[in-house]
Amino acid sequence: MRVSADIAFKEWAIVVDALGRGEQILILRKGGLREQRGEFHVDHRAFWLFSTQFHEAERSVIASKRPALRELAANAPRDAVDIQFYAVADPVVPLADASLLSRLQGRHIWAEQVLQQRFDFGRGAGLHALIVRVHQLPWPERLPLRENYGGCKSWVQLEHPVAGEVTPVVDDAEFARQRDAILELVSDHACLNS
């Protein structure tokens, strides 16, 4: 599939790595401080993944991913960002029940206590779960970091569109299996927002 887009979604490098390896298809988001009223909104359903190192802390991810987090941080370009993974979110599930967090363990790399803190943070409890189909370029496109990419916000508009032929990181059957399993885990408590 050929894509061309200038919208990117900022996410920790270790999470982008897990998504790009097909280790998870789930993004869990609360919202950035600079977002409208501190609330996350799914402004775009298709986007490039923009790896960040900001706020990354080893205690925030499961123990088995901590060596990879350190390696990614050590090898990350300081004045550039590599764009390689394109994601399509479908569906987006608001998580309003904290018991769902333990149900989703094993489907993402976050430490459970960190998700609980994020769930409780801010004016309203809850998280957004984006189930994403991730595709990859054959090699990353390196973009220089711009001042307008910074800050605690989820969405950035890139200086120019990144374009290329992308392929799924997991095949159709595996994606459908994982997607259906996640939806089954949350279907009793969440309203689907497709």
# chains A, B, ... in the order shown; residues from 1 in each chain; ligands from 1
call {"tool": "select_by_dssp", "arguments": {"residues": "stretch 18-193 of chain A", "states": "alpha helix (DSSP H)", "output": "PDB file with N, CA and C atoms, in the first residue's frame"}}
result
ATOM      1  N   ALA A  18       7.934  -1.656  19.972  1.00  0.00           N
ATOM      2  CA  ALA A  18       7.050  -2.816  20.182  1.00  0.00           C
ATOM      3  C   ALA A  18       5.966  -2.886  19.105  1.00  0.00           C
ATOM      4  N   LEU A  19       5.407  -1.743  18.740  1.00  0.00           N
ATOM      5  CA  LEU A  19       4.407  -1.719  17.671  1.00  0.00           C
ATOM      6  C   LEU A  19       5.027  -2.150  16.342  1.00  0.00           C
ATOM      7  N   GLY A  20       6.222  -1.643  16.062  1.00  0.00           N
ATOM      8  CA  GLY A  20       6.903  -1.964  14.811  1.00  0.00           C
ATOM      9  C   GLY A  20       7.351  -3.411  14.707  1.00  0.00           C
ATOM     10  N   ARG A  66      13.083  -3.315  29.494  1.00  0.00           N
ATOM     11  CA  ARG A  66      14.004  -2.278  29.992  1.00  0.00           C
ATOM     12  C   ARG A  66      15.357  -2.279  29.278  1.00  0.00           C
ATOM     13  N   PRO A  67      15.954  -3.424  28.959  1.00  0.00           N
ATOM     14  CA  PRO A  67      17.209  -3.381  28.187  1.00  0.00           C
ATOM     15  C   PRO A  67      17.008  -2.742  26.803  1.00  0.00           C
ATOM     16  N   ALA A  68      15.894  -3.039  26.138  1.00  0.00           N
ATOM     17  CA  ALA A  68      15.619  -2.442  24.827  1.00  0.00           C
ATOM     18  C   ALA A  68      15.422  -0.937  24.948  1.00  0.00           C
ATOM     19  N   LEU A  69      14.765  -0.487  26.020  1.00  0.00           N
ATOM     20  CA  LEU A  69      14.580   0.946  26.246  1.00  0.00           C
ATOM     21  C   LEU A  69      15.939   1.638  26.357  1.00  0.00           C
ATOM     22  N   ARG A  70      16.857   1.044  27.134  1.00  0.00           N
ATOM     23  CA  ARG A  70      18.198   1.625  27.286  1.00  0.00           C
ATOM     24  C   ARG A  70      18.943   1.657  25.956  1.00  0.00           C
ATOM     25  N   GLU A  71      18.834   0.582  25.173  1.00  0.00           N
ATOM     26  CA  GLU A  71      19.517   0.518  23.880  1.00  0.00           C
ATOM     27  C   GLU A  71      18.958   1.544  22.902  1.00  0.00           C
ATOM     28  N   LEU A  72      17.639   1.671  22.849  1.00  0.00           N
ATOM     29  CA  LEU A  72      17.029   2.672  21.965  1.00  0.00           C
ATOM     30  C   LEU A  72      17.462   4.080  22.358  1.00  0.00           C
ATOM     31  N   ALA A  73      17.497   4.362  23.648  1.00  0.00           N
ATOM     32  CA  ALA A  73      17.907   5.692  24.109  1.00  0.00           C
ATOM     33  C   ALA A  73      19.362   5.975  23.741  1.00  0.00           C
ATOM     34  N   ALA A  74      20.224   4.981  23.879  1.00  0.00           N
ATOM     35  CA  ALA A  74      21.648   5.167  23.579  1.00  0.00           C
ATOM     36  C   ALA A  74      21.889   5.403  22.090  1.00  0.00           C
ATOM     37  N   ASN A  75      21.048   4.819  21.240  1.00  0.00           N
ATOM     38  CA  ASN A  75      21.248   4.910  19.789  1.00  0.00           C
ATOM     39  C   ASN A  75      20.365   5.934  19.100  1.00  0.00           C
ATOM     40  N   SER A  99     -10.656  -1.751  36.106  1.00  0.00           N
ATOM     41  CA  SER A  99     -10.423  -3.201  36.086  1.00  0.00           C
ATOM     42  C   SER A  99      -9.963  -3.682  34.712  1.00  0.00           C
ATOM     43  N   LEU A 100     -10.221  -2.901  33.685  1.00  0.00           N
ATOM     44  CA  LEU A 100      -9.791  -3.289  32.339  1.00  0.00           C
ATOM     45  C   LEU A 100      -8.276  -3.274  32.200  1.00  0.00           C
ATOM     46  N   LEU A 101      -7.604  -2.485  33.013  1.00  0.00           N
ATOM     47  CA  LEU A 101      -6.146  -2.393  32.909  1.00  0.00           C
ATOM     48  C   LEU A 101      -5.490  -3.740  33.163  1.00  0.00           C
ATOM     49  N   SER A 102      -5.944  -4.451  34.193  1.00  0.00           N
ATOM     50  CA  SER A 102      -5.349  -5.765  34.461  1.00  0.00           C
ATOM     51  C   SER A 102      -5.747  -6.775  33.382  1.00  0.00           C
ATOM     52  N   ARG A 103      -6.922  -6.626  32.798  1.00  0.00           N
ATOM     53  CA  ARG A 103      -7.331  -7.516  31.706  1.00  0.00           C
ATOM     54  C   ARG A 103      -6.416  -7.387  30.492  1.00  0.00           C
ATOM     55  N   GLU A 112       1.925  -2.052  34.985  1.00  0.00           N
ATOM     56  CA  GLU A 112       0.534  -1.874  35.415  1.00  0.00           C
ATOM     57  C   GLU A 112       0.346  -0.667  36.326  1.00  0.00           C
ATOM     58  N   GLN A 113       1.278  -0.424  37.263  1.00  0.00           N
ATOM     59  CA  GLN A 113       1.120   0.705  38.180  1.00  0.00           C
ATOM     60  C   GLN A 113       1.185   2.045  37.446  1.00  0.00           C
ATOM     61  N   VAL A 114       1.952   2.125  36.364  1.00  0.00           N
ATOM     62  CA  VAL A 114       2.036   3.370  35.580  1.00  0.00           C
ATOM     63  C   VAL A 114       0.711   3.623  34.872  1.00  0.00           C
ATOM     64  N   LEU A 115       0.120   2.573  34.320  1.00  0.00           N
ATOM     65  CA  LEU A 115      -1.189   2.748  33.672  1.00  0.00           C
ATOM     66  C   LEU A 115      -2.245   3.167  34.688  1.00  0.00           C
ATOM     67  N   GLN A 116      -2.183   2.625  35.883  1.00  0.00           N
ATOM     68  CA  GLN A 116      -3.146   3.020  36.915  1.00  0.00           C
ATOM     69  C   GLN A 116      -2.976   4.495  37.252  1.00  0.00           C
ATOM     70  N   GLN A 117      -1.733   4.961  37.370  1.00  0.00           N
ATOM     71  CA  GLN A 117      -1.491   6.383  37.633  1.00  0.00           C
ATOM     72  C   GLN A 117      -2.032   7.251  36.509  1.00  0.00           C
ATOM     73  N   ARG A 118      -1.788   6.836  35.283  1.00  0.00           N
ATOM     74  CA  ARG A 118      -2.304   7.600  34.142  1.00  0.00           C
ATOM     75  C   ARG A 118      -3.834   7.569  34.102  1.00  0.00           C
ATOM     76  N   PHE A 119      -4.399   6.427  34.419  1.00  0.00           N
ATOM     77  CA  PHE A 119      -5.854   6.289  34.437  1.00  0.00           C
ATOM     78  C   PHE A 119      -6.464   7.298  35.406  1.00  0.00           C
ATOM     79  N   ASP A 120      -5.871   7.431  36.591  1.00  0.00           N
ATOM     80  CA  ASP A 120      -6.407   8.299  37.646  1.00  0.00           C
ATOM     81  C   ASP A 120      -6.043   9.769  37.474  1.00  0.00           C
ATOM     82  N   ASP A 172      -2.765 -10.309   8.126  1.00  0.00           N
ATOM     83  CA  ASP A 172      -4.184 -10.032   8.358  1.00  0.00           C
ATOM     84  C   ASP A 172      -4.788 -10.936   9.427  1.00  0.00           C
ATOM     85  N   ALA A 173      -4.498 -12.229   9.357  1.00  0.00           N
ATOM     86  CA  ALA A 173      -5.099 -13.179  10.303  1.00  0.00           C
ATOM     87  C   ALA A 173      -4.633 -12.902  11.733  1.00  0.00           C
ATOM     88  N   GLU A 174      -3.336 -12.625  11.915  1.00  0.00           N
ATOM     89  CA  GLU A 174      -2.812 -12.360  13.254  1.00  0.00           C
ATOM     90  C   GLU A 174      -3.355 -11.051  13.802  1.00  0.00           C
ATOM     91  N   PHE A 175      -3.441 -10.030  12.952  1.00  0.00           N
ATOM     92  CA  PHE A 175      -4.004  -8.760  13.413  1.00  0.00           C
ATOM     93  C   PHE A 175      -5.455  -8.961  13.854  1.00  0.00           C
ATOM     94  N   ALA A 176      -6.254  -9.659  13.046  1.00  0.00           N
ATOM     95  CA  ALA A 176      -7.659  -9.891  13.377  1.00  0.00           C
ATOM     96  C   ALA A 176      -7.787 -10.673  14.684  1.00  0.00           C
ATOM     97  N   ARG A 177      -6.915 -11.663  14.878  1.00  0.00           N
ATOM     98  CA  ARG A 177      -6.946 -12.450  16.111  1.00  0.00           C
ATOM     99  C   ARG A 177      -6.677 -11.569  17.330  1.00  0.00           C
ATOM    100  N   GLN A 178      -5.622 -10.748  17.257  1.00  0.00           N
ATOM    101  CA  GLN A 178      -5.285  -9.877  18.383  1.00  0.00           C
ATOM    102  C   GLN A 178      -6.365  -8.816  18.618  1.00  0.00           C
ATOM    103  N   ARG A 179      -6.854  -8.224  17.542  1.00  0.00           N
ATOM    104  CA  ARG A 179      -7.893  -7.190  17.646  1.00  0.00           C
ATOM    105  C   ARG A 179      -9.140  -7.756  18.308  1.00  0.00           C
ATOM    106  N   ASP A 180      -9.592  -8.914  17.829  1.00  0.00           N
ATOM    107  CA  ASP A 180     -10.798  -9.539  18.387  1.00  0.00           C
ATOM    108  C   ASP A 180     -10.610  -9.893  19.860  1.00  0.00           C
ATOM    109  N   ALA A 181      -9.416 -10.367  20.229  1.00  0.00           N
ATOM    110  CA  ALA A 181      -9.153 -10.726  21.623  1.00  0.00           C
ATOM    111  C   ALA A 181      -9.211  -9.489  22.517  1.00  0.00           C
ATOM    112  N   ILE A 182      -8.641  -8.375  22.072  1.00  0.00           N
ATOM    113  CA  ILE A 182      -8.684  -7.141  22.861  1.00  0.00           C
ATOM    114  C   ILE A 182     -10.117  -6.651  22.989  1.00  0.00           C
ATOM    115  N   LEU A 183     -10.856  -6.642  21.896  1.00  0.00           N
ATOM    116  CA  LEU A 183     -12.245  -6.184  21.948  1.00  0.00           C
ATOM    117  C   LEU A 183     -13.088  -7.064  22.857  1.00  0.00           C
ATOM    118  N   GLU A 184     -12.818  -8.347  22.877  1.00  0.00           N
ATOM    119  CA  GLU A 184     -13.533  -9.253  23.772  1.00  0.00           C
ATOM    120  C   GLU A 184     -13.225  -8.914  25.238  1.00  0.00           C
ATOM    121  N   LEU A 185     -11.971  -8.579  25.518  1.00  0.00           N
ATOM    122  CA  LEU A 185     -11.581  -8.239  26.883  1.00  0.00           C
ATOM    123  C   LEU A 185     -12.255  -6.978  27.399  1.00  0.00           C
ATOM    124  N   VAL A 186     -12.516  -6.034  26.525  1.00  0.00           N
ATOM    125  CA  VAL A 186     -13.059  -4.743  26.963  1.00  0.00           C
ATOM    126  C   VAL A 186     -14.527  -4.542  26.626  1.00  0.00           C
TER     127      VAL A 186
END
call {"tool": "residues_around", "arguments": {"residues": "stretch 12-14 of chain A", "least_positions_apart": "4", "cutoff": "12 Å", "atoms": "only C-alpha atoms", "output": "PyMOL selection string"}}
result
chain A and resi 18-21+23-24+27-29+49-58+60-62+64-77+81-85+108-110+152+154
call {"tool": "write_last_selection", "arguments": {"atoms": "C-alpha atoms", "output": "tab-separated table (two decimals), in the first residue's frame"}}
result
chain	number	residue	atom	x	y	z
A	18	ALA	CA	7.05	-2.82	20.18
A	19	LEU	CA	4.41	-1.72	17.67
A	20	GLY	CA	6.90	-1.96	14.81
A	21	ARG	CA	7.94	-5.47	15.86
A	23	GLU	CA	4.62	-7.22	19.79
A	24	GLN	CA	1.50	-5.16	20.43
A	27	ILE	CA	-1.71	2.34	22.16
A	28	LEU	CA	-2.93	3.54	25.55
A	29	ARG	CA	-3.20	7.33	25.92
A	49	LEU	CA	4.54	7.09	14.57
A	50	PHE	CA	6.94	9.72	15.93
A	51	SER	CA	9.41	8.17	18.40
A	52	THR	CA	10.28	10.24	21.45
A	53	GLN	CA	12.67	9.81	24.33
A	54	PHE	CA	11.05	12.50	26.47
A	55	HIS	CA	9.66	11.24	29.82
A	56	GLU	CA	10.81	7.66	29.17
A	57	ALA	CA	11.61	5.87	32.41
A	58	GLU	CA	12.55	2.24	32.90
A	60	SER	CA	7.25	2.64	33.32
A	61	VAL	CA	7.64	-0.50	31.21
A	62	ILE	CA	7.68	-4.20	31.98
A	64	SER	CA	11.73	-7.53	29.95
A	65	LYS	CA	11.61	-4.33	27.83
A	66	ARG	CA	14.00	-2.28	29.99
A	67	PRO	CA	17.21	-3.38	28.19
A	68	ALA	CA	15.62	-2.44	24.83
A	69	LEU	CA	14.58	0.95	26.25
A	70	ARG	CA	18.20	1.62	27.29
A	71	GLU	CA	19.52	0.52	23.88
A	72	LEU	CA	17.03	2.67	21.96
A	73	ALA	CA	17.91	5.69	24.11
A	74	ALA	CA	21.65	5.17	23.58
A	75	ASN	CA	21.25	4.91	19.79
A	76	ALA	CA	18.61	7.60	19.24
A	77	PRO	CA	19.61	10.53	17.03
A	81	VAL	CA	13.66	11.57	14.27
A	82	ASP	CA	13.35	8.40	12.21
A	83	ILE	CA	9.90	7.86	10.69
A	84	GLN	CA	9.24	4.30	9.56
A	85	PHE	CA	5.89	3.09	10.91
A	108	HIS	CA	1.20	-4.00	25.84
A	109	ILE	CA	4.56	-3.20	27.44
A	110	TRP	CA	3.48	-0.67	30.09
A	152	CYS	CA	3.61	17.54	25.62
A	154	SER	CA	0.15	13.87	20.89
call {"tool": "closest_residue", "arguments": {"among": "A:Arg59, A:Lys153, A:Arg78, A:His41", "to": "A:Leu130", "atoms": "only C-alpha atoms"}}
result
A:His41
call {"tool": "closest_residue", "arguments": {"among": "A:Ala87, A:Met1, A:Ala111, A:Val42", "to": "A:Thr167", "atoms": "only C-alpha atoms"}}
result
A:Met1
call {"tool": "atom_distance", "arguments": {"atom1": "atom CA of A:Pro161", "atom2": "atom CA of A:Ala8"}}
result
9.8 Å
call {"tool": "residues_around", "arguments": {"residues": "stretch 144-151 of chain A", "least_positions_apart": "6", "cutoff": "8 Å", "atoms": "only C-alpha atoms", "output": "NGL selection string"}}
result
:A and (34 or 79-81 or 157-158)
call {"tool": "write_last_selection", "arguments": {"atoms": "N, CA and C atoms", "output": "short mmCIF file (atom, residue, chain, number, x, y, z; two decimals), in the first residue's frame"}}
result
data_model
loop_
_atom_site.label_atom_id
_atom_site.label_comp_id
_atom_site.auth_asym_id
_atom_site.auth_seq_id
_atom_site.Cartn_x
_atom_site.Cartn_y
_atom_site.Cartn_z
N ARG A 34 -0.26 19.94 26.93
CA ARG A 34 -0.51 21.04 26.01
C ARG A 34 -1.70 20.77 25.10
N ASP A 79 19.29 15.06 17.09
CA ASP A 79 18.76 16.20 16.37
C ASP A 79 17.85 15.80 15.21
N ALA A 80 17.37 14.55 15.26
CA ALA A 80 16.53 14.03 14.17
C ALA A 80 15.56 13.00 14.74
N VAL A 81 14.59 12.64 13.92
CA VAL A 81 13.66 11.57 14.27
C VAL A 81 13.53 10.67 13.05
N GLN A 157 2.37 18.06 13.07
CA GLN A 157 2.35 18.13 11.62
C GLN A 157 3.79 18.23 11.14
N LEU A 158 4.20 17.26 10.33
CA LEU A 158 5.56 17.22 9.84
C LEU A 158 5.80 18.33 8.82
#
call {"tool": "residues_around", "arguments": {"residues": "A:Val162", "least_positions_apart": "4", "cutoff": "10 Å", "atoms": "only C-alpha atoms", "output": "JSON, numbers by chain"}}
result
{"A": [3, 4, 5, 6, 7, 8, 48, 83, 84, 86, 137, 140, 141, 142, 143, 158]}
call {"tool": "atom_distance", "arguments": {"atom1": "atom CA of A:Gly122", "atom2": "atom CA of A:Pro94"}}
result
15.3 Å
call {"tool": "select_by_dssp", "arguments": {"residues": "stretch 75-116 of chain A", "states": "strand (DSSP E)", "output": "VMD selection string"}}
result
chain A and resid 80 to 95
call {"tool": "atom_distance", "arguments": {"atom1": "atom CA of A:Ser187", "atom2": "atom CA of A:Arg123"}}
result
24.4 Å
call {"tool": "closest_residue", "arguments": {"among": "A:Phe47, A:Phe9, A:Phe40, A:Trp155", "to": "A:Ala129", "atoms": "only C-alpha atoms"}}
result
A:Phe40
